[in-house]
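Okay, protein_11.cif is below, mmCIF, C-alpha atoms:
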```cif
data_query
#
loop_
_atom_site.label_atom_id
_atom_site.label_comp_id
_atom_site.auth_asym_id
_atom_site.auth_seq_id
_atom_site.Cartn_x
_atom_site.Cartn_y
_atom_site.Cartn_z
CA MET A 433 1.27 -8.58 -2.19
CA ARG A 434 1.54 -9.08 -5.93
CA LYS A 435 2.74 -6.05 -7.89
CA ASN A 436 -0.01 -6.53 -10.49
CA LEU A 437 -2.55 -5.51 -7.79
CA MET A 438 -1.34 -1.94 -8.30
CA GLU A 439 -3.58 -1.81 -11.38
CA ILE A 440 -6.74 -2.07 -9.23
CA LEU A 441 -5.72 -0.54 -5.88
CA CYS A 442 -6.51 3.07 -5.00
CA CYS A 443 -6.40 5.23 -1.90
CA PRO A 444 -9.36 4.39 0.37
CA VAL A 445 -9.50 8.02 1.55
CA CYS A 446 -9.55 10.01 -1.71
CA LYS A 447 -9.51 7.28 -4.42
CA GLY A 448 -6.19 8.67 -5.68
CA GLU A 449 -3.43 6.66 -7.33
CA LEU A 450 -1.01 4.80 -5.05
CA ASP A 451 2.77 4.70 -5.52
CA LEU A 452 4.64 1.56 -4.45
CA THR A 453 7.96 1.61 -2.58
CA VAL A 454 9.56 -1.79 -1.98
CA THR A 455 12.38 -2.79 0.38
CA GLU A 456 12.08 -6.61 0.12
CA GLU A 457 10.63 -8.51 -2.81
CA SER A 458 10.73 -11.90 -4.48
CA GLY A 459 9.92 -11.79 -8.20
CA GLU A 460 6.51 -10.14 -8.55
CA GLU A 461 5.76 -10.49 -4.83
CA VAL A 462 6.30 -7.66 -2.31
CA LEU A 463 7.26 -9.37 0.95
CA GLU A 464 8.14 -6.84 3.63
CA GLY A 465 8.83 -3.20 4.34
CA GLY A 466 6.98 -1.85 1.34
CA THR A 467 4.74 1.19 1.41
CA LEU A 468 1.80 2.35 -0.67
CA ARG A 469 1.67 6.16 -0.74
CA CYS A 470 -1.15 8.28 -2.07
CA ALA A 471 0.27 11.15 -4.10
CA ALA A 472 -2.93 13.17 -3.72
CA CYS A 473 -3.51 13.14 0.06
CA ARG A 474 0.01 11.98 1.09
CA VAL A 475 -1.16 9.08 3.24
CA ASP A 476 1.17 6.07 3.63
CA TYR A 477 -0.09 2.50 3.91
CA PRO A 478 2.42 -0.12 5.11
CA ILE A 479 2.89 -3.59 3.65
CA SER A 480 3.66 -6.22 6.28
CA GLU A 481 4.24 -9.92 5.53
CA GLY A 482 2.97 -9.33 1.98
CA ILE A 483 -0.34 -7.78 3.12
CA PRO A 484 -1.11 -4.09 2.50
CA ASN A 485 -2.85 -2.32 5.39
CA LEU A 486 -5.27 0.02 3.60
CA LEU A 487 -7.14 1.20 6.69
CA PRO A 488 -7.12 5.00 7.02
CA GLU A 489 -5.16 6.33 10.02
CA THR A 490 -8.27 7.48 11.89
CA VAL A 491 -9.68 3.93 11.75
CA CYS A 492 -6.35 2.42 12.85
CA GLU A 493 -6.10 4.70 15.91
CA ASP A 494 -9.51 3.71 17.37
#
```

For this file, produce the structure as structure tokens.
Amino acid sequence: MRKNLMEILCCPVCKGELDLTVTEESGEEVLEGGTLRCAACRVDYPISEGIPNLLPETVCED
């Protein structure tokens, strides 16, 4: 995931702003272990192999 995507991404649940936490990156690219966290509703969205999973938890569990 490119870091500049943070300008257009928002929480799919409440449309709140997402905060990025990165554990492995290469330049402007988030590779692995990162998390997008909504400050408003406190939902975490993992980043795996450079792809953010922005599905809400209730959708993921079904």

Q. Within 7 Å of segment 471-473 of chain A, counting only C-alpha atoms, which residues qualify if same-chain residues fewer than 5 places away don't, as a list in words?
A.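 Contacts, with the query itself left out: Gly448, Glu449 and Leu450 of chain A.
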
Q: Using atom CA of Glu461 of chain A and atom CA of Cys446 of chain A as the two end points, give the distance in Å to one decimal.
A: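 Taking atom CA of Glu461 of chain A and atom CA of Cys446 of chain A, their separation equals 25.8 Å.
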
Q. Of the residues A:Met433, A:Leu487, A:Ile440, A:Val445, which is the one nearest to Gly465 of chain A, using only C-alpha atoms?
A. A:Met433

Q: Evaluate the PyMOL selection byres ((chain A and resi 483) around 10) and record the selected residues as a PyMOL selection string, following the chain and residue labels used in the document.
A: chain A and resi 433-434+462-464+466+478-482+484-486

**Q.** Distance of atom CA of Gly459 of chain A from atom CA of Pro444 of chain A, expressed in Å to one decimal place
**A.**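 According to the coordinates, atom CA of Pro444 of chain A and atom CA of Gly459 of chain A are separated by 26.6 Å.
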
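Picture a line from atom CA of Glu457 of chain A to atom CA of Val475 of chain A; it runs 22.0 Å.
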
Q: Run the PyMOL selection byres ((chain A and resi 452) around 6) against the file shown and list the residues it catches, as a VMD selection string.
A: chain A and resid 451 453 467 to 468

Since fewer atoms than expected are present, regenerate N, CA and C atoms for segment 459-487 of chain A and write them as an mmCIF file, in the frame of the given file.
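Saved file rebuild.cif follows:
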```
data_model
loop_
_atom_site.group_PDB
_atom_site.id
_atom_site.type_symbol
_atom_site.label_atom_id
_atom_site.label_comp_id
_atom_site.auth_asym_id
_atom_site.auth_seq_id
_atom_site.Cartn_x
_atom_site.Cartn_y
_atom_site.Cartn_z
ATOM 1 N N GLY A 459 10.608 -11.768 -6.902
ATOM 2 C CA GLY A 459 9.920 -11.790 -8.200
ATOM 3 C C GLY A 459 8.868 -10.694 -8.260
ATOM 4 N N GLU A 460 7.628 -11.090 -8.479
ATOM 5 C CA GLU A 460 6.510 -10.140 -8.550
ATOM 6 C C GLU A 460 5.826 -9.945 -7.203
ATOM 7 N N GLU A 461 6.381 -10.517 -6.146
ATOM 8 C CA GLU A 461 5.760 -10.490 -4.830
ATOM 9 C C GLU A 461 6.489 -9.527 -3.900
ATOM 10 N N VAL A 462 5.750 -8.565 -3.311
ATOM 11 C CA VAL A 462 6.300 -7.660 -2.310
ATOM 12 C C VAL A 462 6.165 -8.374 -0.964
ATOM 13 N N LEU A 463 7.279 -8.587 -0.278
ATOM 14 C CA LEU A 463 7.260 -9.370 0.950
ATOM 15 C C LEU A 463 7.169 -8.527 2.213
ATOM 16 N N GLU A 464 8.048 -7.552 2.358
ATOM 17 C CA GLU A 464 8.140 -6.840 3.630
ATOM 18 C C GLU A 464 8.661 -5.434 3.417
ATOM 19 N N GLY A 465 8.261 -4.531 4.299
ATOM 20 C CA GLY A 465 8.830 -3.200 4.340
ATOM 21 C C GLY A 465 8.393 -2.270 3.229
ATOM 22 N N GLY A 466 7.467 -2.705 2.416
ATOM 23 C CA GLY A 466 6.980 -1.850 1.340
ATOM 24 C C GLY A 466 5.967 -0.847 1.859
ATOM 25 N N THR A 467 5.718 0.160 1.061
ATOM 26 C CA THR A 467 4.740 1.190 1.410
ATOM 27 C C THR A 467 3.950 1.572 0.169
ATOM 28 N N LEU A 468 2.659 1.767 0.354
ATOM 29 C CA LEU A 468 1.800 2.350 -0.670
ATOM 30 C C LEU A 468 1.540 3.780 -0.231
ATOM 31 N N ARG A 469 1.847 4.741 -1.098
ATOM 32 C CA ARG A 469 1.670 6.160 -0.740
ATOM 33 C C ARG A 469 0.753 6.818 -1.749
ATOM 34 N N CYS A 470 -0.241 7.526 -1.222
ATOM 35 C CA CYS A 470 -1.150 8.280 -2.070
ATOM 36 C C CYS A 470 -0.510 9.623 -2.397
ATOM 37 N N ALA A 471 -0.333 9.884 -3.680
ATOM 38 C CA ALA A 471 0.270 11.150 -4.100
ATOM 39 C C ALA A 471 -0.656 12.325 -3.846
ATOM 40 N N ALA A 472 -1.959 12.088 -3.876
ATOM 41 C CA ALA A 472 -2.930 13.170 -3.720
ATOM 42 C C ALA A 472 -3.057 13.645 -2.273
ATOM 43 N N CYS A 473 -3.298 12.728 -1.341
ATOM 44 C CA CYS A 473 -3.510 13.140 0.060
ATOM 45 C C CYS A 473 -2.330 12.812 0.959
ATOM 46 N N ARG A 474 -1.254 12.251 0.389
ATOM 47 C CA ARG A 474 0.010 11.980 1.090
ATOM 48 C C ARG A 474 -0.146 11.063 2.306
ATOM 49 N N VAL A 475 -0.996 10.074 2.195
ATOM 50 C CA VAL A 475 -1.160 9.080 3.240
ATOM 51 C C VAL A 475 -0.348 7.848 2.864
ATOM 52 N N ASP A 476 0.381 7.287 3.845
ATOM 53 C CA ASP A 476 1.170 6.070 3.630
ATOM 54 C C ASP A 476 0.446 4.867 4.205
ATOM 55 N N TYR A 477 0.493 3.760 3.470
ATOM 56 C CA TYR A 477 -0.090 2.500 3.910
ATOM 57 C C TYR A 477 1.015 1.451 3.893
ATOM 58 N N PRO A 478 1.324 0.847 5.048
ATOM 59 C CA PRO A 478 2.420 -0.120 5.110
ATOM 60 C C PRO A 478 2.036 -1.471 4.524
ATOM 61 N N ILE A 479 3.062 -2.206 4.099
ATOM 62 C CA ILE A 479 2.890 -3.590 3.650
ATOM 63 C C ILE A 479 3.689 -4.449 4.614
ATOM 64 N N SER A 480 3.014 -5.363 5.293
ATOM 65 C CA SER A 480 3.660 -6.220 6.280
ATOM 66 C C SER A 480 3.330 -7.677 5.962
ATOM 67 N N GLU A 481 4.375 -8.498 5.856
ATOM 68 C CA GLU A 481 4.240 -9.920 5.530
ATOM 69 C C GLU A 481 3.434 -10.123 4.244
ATOM 70 N N GLY A 482 3.634 -9.220 3.282
ATOM 71 C CA GLY A 482 2.970 -9.330 1.980
ATOM 72 C C GLY A 482 1.544 -8.833 1.945
ATOM 73 N N ILE A 483 1.055 -8.241 3.045
ATOM 74 C CA ILE A 483 -0.340 -7.780 3.120
ATOM 75 C C ILE A 483 -0.375 -6.267 3.290
ATOM 76 N N PRO A 484 -0.998 -5.545 2.343
ATOM 77 C CA PRO A 484 -1.110 -4.090 2.500
ATOM 78 C C PRO A 484 -2.194 -3.741 3.522
ATOM 79 N N ASN A 485 -1.887 -2.805 4.408
ATOM 80 C CA ASN A 485 -2.850 -2.320 5.390
ATOM 81 C C ASN A 485 -3.454 -1.029 4.833
ATOM 82 N N LEU A 486 -4.639 -1.131 4.245
ATOM 83 C CA LEU A 486 -5.270 0.020 3.600
ATOM 84 C C LEU A 486 -6.325 0.689 4.476
ATOM 85 N N LEU A 487 -6.223 0.502 5.791
ATOM 86 C CA LEU A 487 -7.140 1.200 6.690
ATOM 87 C C LEU A 487 -6.649 2.624 6.894
#
```
